[in-house]
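Heads up, coords.txt below (compact mmCIF, C-alpha atoms):
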```
# COMPACT_ATOMS: atom_id res chain seq x y z
CA MET A 1 90.09 130.34 115.30
CA ASN A 2 88.00 128.72 118.02
CA ASP A 3 86.88 125.09 117.80
CA ALA A 4 83.59 125.93 116.08
CA GLU A 5 85.33 128.05 113.46
CA THR A 6 87.95 125.34 112.90
CA GLN A 7 85.28 122.69 112.41
CA ALA A 8 83.39 124.92 109.98
CA PHE A 9 86.60 125.60 108.03
CA TRP A 10 87.44 121.91 107.57
CA LEU A 11 83.80 120.97 106.94
CA GLY A 12 83.79 123.33 103.98
CA LEU A 13 87.00 121.88 102.55
CA ARG A 14 85.89 118.27 103.09
CA SER A 15 82.78 118.96 101.04
CA LEU A 16 85.08 119.52 98.04
CA THR A 17 87.18 116.35 98.25
CA GLN A 18 87.07 112.72 99.34
CA ALA A 19 90.64 113.04 100.69
CA ARG A 20 91.14 112.61 104.42
CA ILE A 21 91.81 116.14 105.58
CA GLY A 22 91.16 118.01 108.81
CA LEU A 23 90.68 114.84 110.83
CA GLY A 24 91.21 116.55 114.16
CA ARG A 25 92.90 115.20 117.28
CA ALA A 26 91.93 113.67 120.62
CA GLY A 27 95.00 114.18 122.77
CA ASP A 28 97.92 112.63 120.88
CA ALA A 29 95.72 110.44 118.65
CA LEU A 30 92.97 110.68 116.07
CA PRO A 31 89.37 110.94 117.28
CA THR A 32 87.67 107.54 117.60
CA ARG A 33 85.24 108.41 114.80
CA ARG A 34 88.11 108.99 112.35
CA VAL A 35 89.85 105.75 113.38
CA LEU A 36 86.64 103.80 112.75
CA GLU A 37 86.13 105.52 109.39
CA PHE A 38 89.67 104.57 108.37
CA ALA A 39 89.12 100.93 109.41
CA ALA A 40 85.87 100.80 107.42
CA ALA A 41 87.54 102.28 104.33
CA HIS A 42 90.41 99.79 104.61
CA ALA A 43 87.94 96.89 104.87
CA ALA A 44 86.03 98.17 101.82
CA ALA A 45 89.27 98.34 99.82
CA ARG A 46 90.18 94.75 100.80
CA ASP A 47 86.68 93.54 99.91
CA ALA A 48 86.93 95.25 96.51
CA VAL A 49 90.17 93.39 95.78
CA HIS A 50 89.04 89.95 96.91
CA THR A 51 85.32 89.86 95.98
CA PRO A 52 84.97 87.75 92.80
CA LEU A 53 83.19 89.10 89.74
CA ASP A 54 79.69 87.76 89.11
CA VAL A 55 80.26 87.00 85.43
CA PRO A 56 76.73 85.73 84.58
CA ALA A 57 75.12 88.81 86.15
CA LEU A 58 77.44 91.18 84.30
CA SER A 59 76.93 89.33 81.02
CA ALA A 60 73.16 89.54 81.45
CA ARG A 61 73.31 93.31 82.01
CA LEU A 62 75.47 93.74 78.91
CA ALA A 63 72.98 91.74 76.84
CA GLU A 64 70.14 93.95 78.13
CA LEU A 65 72.04 96.98 76.86
CA GLY A 66 72.22 95.48 73.38
CA ALA A 67 76.00 95.05 73.57
CA GLY A 68 75.74 91.42 72.44
CA ASP A 69 76.43 88.07 74.05
CA ALA A 70 79.54 88.36 76.20
CA VAL A 71 82.37 85.84 75.97
CA HIS A 72 84.13 84.94 79.24
CA VAL A 73 87.86 84.38 79.24
CA ALA A 74 90.34 84.06 82.09
CA SER A 75 93.95 85.02 82.47
CA ARG A 76 96.76 82.60 83.24
CA ALA A 77 96.49 83.42 86.98
CA ARG A 78 94.67 80.45 88.50
CA ASP A 79 93.19 82.28 91.50
CA ARG A 80 93.18 85.65 93.27
CA ALA A 81 96.21 84.88 95.39
CA GLU A 82 98.30 84.05 92.33
CA TYR A 83 96.89 87.06 90.48
CA LEU A 84 98.15 89.36 93.23
CA ARG A 85 101.57 87.71 93.47
CA ARG A 86 102.15 87.32 89.72
CA PRO A 87 100.99 90.38 87.72
CA ASP A 88 102.68 88.90 84.63
CA LEU A 89 100.21 85.99 84.56
CA GLY A 90 97.26 88.38 84.59
CA ARG A 91 98.49 89.79 81.29
CA LEU A 92 98.31 86.44 79.44
CA PRO A 93 95.31 84.33 78.34
CA ALA A 94 94.81 81.07 80.22
CA VAL A 95 96.27 77.91 78.73
CA GLU A 96 93.26 75.72 79.55
CA PRO A 97 92.40 73.30 76.71
CA ASP A 98 89.14 75.02 75.79
CA MET A 99 90.38 78.59 76.22
CA ALA A 100 91.64 78.83 72.63
CA ASP A 101 88.13 77.98 71.43
CA ARG A 102 86.57 80.59 73.73
CA LEU A 103 88.77 83.42 72.50
CA PRO A 104 86.77 85.43 69.97
CA ARG A 105 88.23 85.43 66.49
CA HIS A 106 88.02 88.16 63.86
CA ALA A 107 84.74 89.74 64.88
CA GLY A 108 84.70 91.96 61.79
CA ALA A 109 84.27 95.07 63.95
CA GLU A 110 86.36 98.20 64.47
CA ILE A 111 86.16 98.54 68.27
CA GLY A 112 86.59 95.78 70.86
CA LEU A 113 85.29 96.02 74.43
CA VAL A 114 87.04 94.07 77.19
CA LEU A 115 85.53 94.27 80.67
CA ALA A 116 88.21 93.20 83.15
CA ASP A 117 87.85 92.74 86.89
CA GLY A 118 91.34 94.12 87.63
CA LEU A 119 91.79 95.04 91.28
CA SER A 120 88.15 95.95 91.92
CA ALA A 121 85.43 93.68 90.59
CA ARG A 122 82.99 95.91 92.49
CA ALA A 123 83.97 98.87 90.29
CA LEU A 124 83.38 96.86 87.12
CA ALA A 125 80.05 95.47 88.33
CA GLU A 126 78.72 98.92 89.33
CA HIS A 127 80.15 101.17 86.64
CA GLY A 128 80.91 98.80 83.76
CA PRO A 129 77.38 98.47 82.30
CA PRO A 130 76.50 102.21 82.41
CA THR A 131 79.89 103.03 80.92
CA VAL A 132 79.27 100.56 78.10
CA ALA A 133 75.85 102.13 77.54
CA ALA A 134 77.46 105.57 77.25
CA LEU A 135 80.13 104.24 74.87
CA LEU A 136 77.50 102.64 72.63
CA ALA A 137 75.51 105.89 72.59
CA VAL A 138 78.57 107.92 71.57
CA LEU A 139 80.36 105.49 69.22
CA VAL A 140 77.47 103.82 67.34
CA PRO A 141 76.72 104.02 64.42
CA GLN A 142 80.01 105.71 63.47
CA TYR A 143 81.92 102.62 64.55
CA SER A 144 81.06 98.93 64.65
CA ILE A 145 81.47 97.32 68.08
CA ALA A 146 82.42 93.68 68.65
CA PRO A 147 80.52 91.60 71.23
CA PRO A 148 82.01 92.27 74.68
CA VAL A 149 84.60 90.06 76.34
CA VAL A 150 84.48 89.63 80.12
CA ALA A 151 87.94 88.82 81.49
CA THR A 152 88.67 87.63 85.02
CA GLN A 153 91.95 87.74 87.00
CA ALA A 154 92.86 90.21 84.27
CA ARG A 155 95.42 92.99 83.86
CA VAL A 156 95.24 95.69 81.19
CA ALA A 157 97.69 94.01 78.80
CA LEU A 158 95.39 90.98 78.44
CA GLY A 159 93.36 93.27 76.18
CA ASP A 160 96.22 93.25 73.65
CA HIS A 161 95.79 89.50 73.14
CA LEU A 162 92.00 89.77 72.99
CA GLY A 163 92.01 92.79 70.67
CA SER A 164 94.43 91.01 68.34
CA ALA A 165 92.25 87.89 68.29
CA LEU A 166 89.16 90.00 67.62
CA GLY A 167 90.92 91.70 64.72
CA VAL A 168 89.72 95.15 65.82
CA SER A 169 91.57 98.37 65.10
CA THR A 170 91.08 99.68 68.64
CA VAL A 171 90.50 97.85 71.90
CA LEU A 172 89.01 99.47 75.01
CA VAL A 173 89.74 97.74 78.33
CA LEU A 174 87.30 98.75 81.06
CA ILE A 175 88.99 97.68 84.30
CA GLY A 176 88.51 98.04 88.04
CA GLU A 177 91.21 100.35 89.37
CA ARG A 178 93.31 99.73 92.46
CA PRO A 179 91.09 100.68 95.45
CA GLY A 180 92.18 103.53 97.66
CA LEU A 181 91.10 104.51 101.15
CA SER A 182 88.73 107.11 99.69
CA VAL A 183 87.37 105.26 96.64
CA ALA A 184 87.02 101.48 96.29
CA ASP A 185 84.93 101.41 93.12
CA SER A 186 86.75 103.50 90.53
CA LEU A 187 86.75 102.35 86.89
CA GLY A 188 89.34 103.11 84.22
CA ILE A 189 89.29 102.74 80.41
CA TYR A 190 92.53 101.94 78.59
CA LEU A 191 92.60 102.54 74.82
CA THR A 192 95.10 100.78 72.56
CA HIS A 193 95.15 101.35 68.80
CA LEU A 194 96.16 98.34 66.67
CA PRO A 195 96.39 96.04 69.71
CA ARG A 196 98.77 93.11 69.63
CA PRO A 197 100.87 91.21 72.18
CA GLY A 198 103.97 93.16 73.10
CA ARG A 199 102.34 96.58 73.34
CA THR A 200 103.55 98.61 76.32
CA ASP A 201 101.90 101.15 78.62
CA ALA A 202 103.42 103.89 76.45
CA ASP A 203 101.13 102.66 73.64
CA ARG A 204 97.95 103.26 75.63
CA ASN A 205 95.75 106.16 76.68
CA CYS A 206 93.78 106.04 79.92
CA VAL A 207 90.59 107.72 81.08
CA SER A 208 90.40 107.05 84.81
CA ASN A 209 88.48 107.87 87.96
CA ILE A 210 85.06 106.93 86.54
CA HIS A 211 82.67 106.69 89.50
CA PRO A 212 79.92 109.32 89.43
CA PRO A 213 78.78 111.40 91.18
CA GLU A 214 82.14 112.12 92.90
CA GLY A 215 84.30 110.96 90.00
CA LEU A 216 84.12 111.30 86.22
CA GLY A 217 80.67 110.71 84.70
CA TYR A 218 79.89 107.96 82.18
CA ARG A 219 78.89 110.28 79.33
CA ARG A 220 81.93 112.53 79.74
CA ALA A 221 84.26 109.50 79.82
CA ALA A 222 82.68 108.15 76.63
CA GLU A 223 83.03 111.52 74.89
CA VAL A 224 86.75 111.68 75.75
CA ILE A 225 87.21 108.12 74.46
CA ALA A 226 85.44 109.03 71.20
CA VAL A 227 87.85 111.95 70.67
CA LEU A 228 90.83 109.70 71.41
CA ILE A 229 89.60 107.05 68.96
CA ASP A 230 89.21 109.67 66.24
CA GLY A 231 92.72 110.94 66.96
CA ALA A 232 94.24 107.45 67.02
CA ARG A 233 92.74 106.60 63.66
CA ARG A 234 93.94 109.91 62.23
CA ILE A 235 97.60 109.51 63.29
CA GLY A 236 97.67 105.69 63.26
CA ARG A 237 98.77 105.23 66.85
CA SER A 238 97.79 105.69 70.49
CA GLY A 239 99.74 106.34 73.67
CA VAL A 240 102.19 109.14 74.27
CA ALA A 241 101.80 110.46 70.71
CA LEU A 242 98.03 110.89 71.11
CA LYS A 243 96.67 113.89 73.05
CA ASP A 244 93.24 114.46 74.53
CA THR A 245 91.77 117.39 72.61
CA SER A 246 88.22 116.94 73.93
CA ARG A 247 88.40 120.19 75.91
CA ASP A 248 89.53 122.35 73.00
CA ALA A 249 85.94 123.02 71.94
CA LEU A 250 85.09 124.12 75.50
CA PHE A 251 88.07 126.45 75.88
CA PRO A 252 88.98 127.50 72.30
CA ARG A 253 90.57 130.82 73.32
CA THR A 254 92.74 129.19 75.95
CA ALA A 255 93.82 126.42 73.58
CA ALA A 256 94.62 128.92 70.83
CA ALA A 257 96.65 131.10 73.19
CA LEU A 258 98.88 128.26 74.38
CA PRO A 259 101.91 126.96 72.51
CA ALA A 260 101.17 123.82 70.49
CA ASN A 261 102.98 121.56 72.96
CA GLU A 262 100.85 122.76 75.87
CA THR A 263 97.37 122.27 74.46
CA GLY A 264 97.12 118.52 75.07
```

Can you present the structure in this file as structure tokens?
Amino acid sequence: MNDAETQAFWLGLRSLTQARIGLGRAGDALPTRRVLEFAAAHAAARDAVHTPLDVPALSARLAELGAGDAVHVASRARDRAEYLRRPDLGRLPAVEPDMADRLPRHAGAEIGLVLADGLSARALAEHGPPTVAALLAVLVPQYSIAPPVVATQARVALGDHLGSALGVSTVLVLIGERPGLSVADSLGIYLTHLPRPGRTDADRNCVSNIHPPEGLGYRRAAEVIAVLIDGARRIGRSGVALKDTSRDALFPRTAAALPANETG
């Protein structure tokens, strides 16, 4: 292929993915444009990790959605530097004197929502509220939803403590995912049935890569979560024992043709 044909070939493939493919060469190095794009993506990823979450702004948007008045809690990590060095502290509630009073207690609801900054507060700020709106549209009125909890310097397992304190049967942790060099604002939802301290990653289900239009859409993510909640309540557990069957209705013939252990 000549240069024009090569460019057209890679242009077509790049339109299908955010991955860095077909970058080209200038002598023995990358073209200047690609080097600058890489530097910009790296800076965006660092900003996503270190930019603090605007808790009042997020709480206000949640209230506008009708999700209720958000409660703010923090993890045991005192700042971002400690959060990055000590993942274990991000999984525990803070030990500040008033933190015990701020933790919500026995909300009398079935589903708890925890919005955690994780490794990308930008992802939570941009995609958290519309994801909550989609979840409310799909889950209510079938399920009762507790007022949201906004958690900072938080890892996924902090949701086990918060879900246990809320007394909910299922907790959903909406958390900013680790930024990559293609996407710095991707959101994930972790579902844990019967949350309590000591749960492991094997007890959870995750719906990830939520960042439309390139990633998963809000409504589709909420629909998958609804199916997982129904399944968790039916079998009494989540995690590796719970399979996503949300696509079975879309591809019934394919699902029926596969062995039982290949349909999830």

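From atom CA of A:Pro179 back to atom CA of A:Gly24, the distance works out to 24.5 Å.
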
Worksheet item: What gap, in Å, lies between atom CA of A:Gln18 and atom CA of A:Gly176?
Response: 18.6 Å

Practice prompt. Write out as a list in words each polymer residue whose atoms come within 6 Å of A:Ser120, counting all atoms listed in the file; drop sequence neighbours fewer than 3 positions from it.
Written response: Ala48, Val49, Asp117, Ala123, Gly176 and Glu177 of chain A

Worksheet entry | Atomic distance atom CA of A:Val171 - atom CA of A:Leu194, expressed in Å with one decimal | 7.7 Å

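Compared by their closest atoms to A:Glu223, and using all atoms listed in the file, the residues A:Val95, A:Val207, A:Leu174, A:Ala29 rank with A:Val207 nearest.
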
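Proximity to A:Arg155 was assessed for A:Gln142, A:Glu214, A:Glu96, A:Leu84 counting all atoms listed in the file; the smallest distance is recorded for A:Leu84.
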
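Ranking A:Val35, A:Ile235, A:Ala4, A:Val140 by their shortest atom-to-atom distance to A:Glu110, with all atoms listed in the file included, puts A:Val140 first.
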
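In terms of minimum interatomic distance to A:Ala137, A:Gly66 ranks closest within A:Pro31, A:Pro195, A:Gly66, A:Pro52, counting all atoms listed in the file.
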
Neighbours of A:Ala165 within 12 Å (all atoms listed in the file; same-chain residues fewer than 3 positions away dropped), as a CSV table (one decimal) with C-alpha atoms, in the coordinates of the input?
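As a result, around-v3.csv now contains:
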```csv
chain,number,residue,atom,x,y,z
A,93,PRO,CA,95.3,84.3,78.3
A,100,ALA,CA,91.6,78.8,72.6
A,101,ASP,CA,88.1,78.0,71.4
A,102,ARG,CA,86.6,80.6,73.7
A,103,LEU,CA,88.8,83.4,72.5
A,104,PRO,CA,86.8,85.4,70.0
A,105,ARG,CA,88.2,85.4,66.5
A,106,HIS,CA,88.0,88.2,63.9
A,107,ALA,CA,84.7,89.7,64.9
A,108,GLY,CA,84.7,92.0,61.8
A,109,ALA,CA,84.3,95.1,64.0
A,112,GLY,CA,86.6,95.8,70.9
A,146,ALA,CA,82.4,93.7,68.6
A,149,VAL,CA,84.6,90.1,76.3
A,158,LEU,CA,95.4,91.0,78.4
A,159,GLY,CA,93.4,93.3,76.2
A,160,ASP,CA,96.2,93.2,73.6
A,161,HIS,CA,95.8,89.5,73.1
A,162,LEU,CA,92.0,89.8,73.0
A,168,VAL,CA,89.7,95.2,65.8
A,169,SER,CA,91.6,98.4,65.1
A,170,THR,CA,91.1,99.7,68.6
A,171,VAL,CA,90.5,97.8,71.9
A,194,LEU,CA,96.2,98.3,66.7
A,195,PRO,CA,96.4,96.0,69.7
A,196,ARG,CA,98.8,93.1,69.6
A,197,PRO,CA,100.9,91.2,72.2
```

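Here the question is which of A:Asp201, A:Ala221, A:Gln7, A:Asp185 gets nearest to A:Asp47 using only C-alpha atoms, and that residue is A:Asp185.
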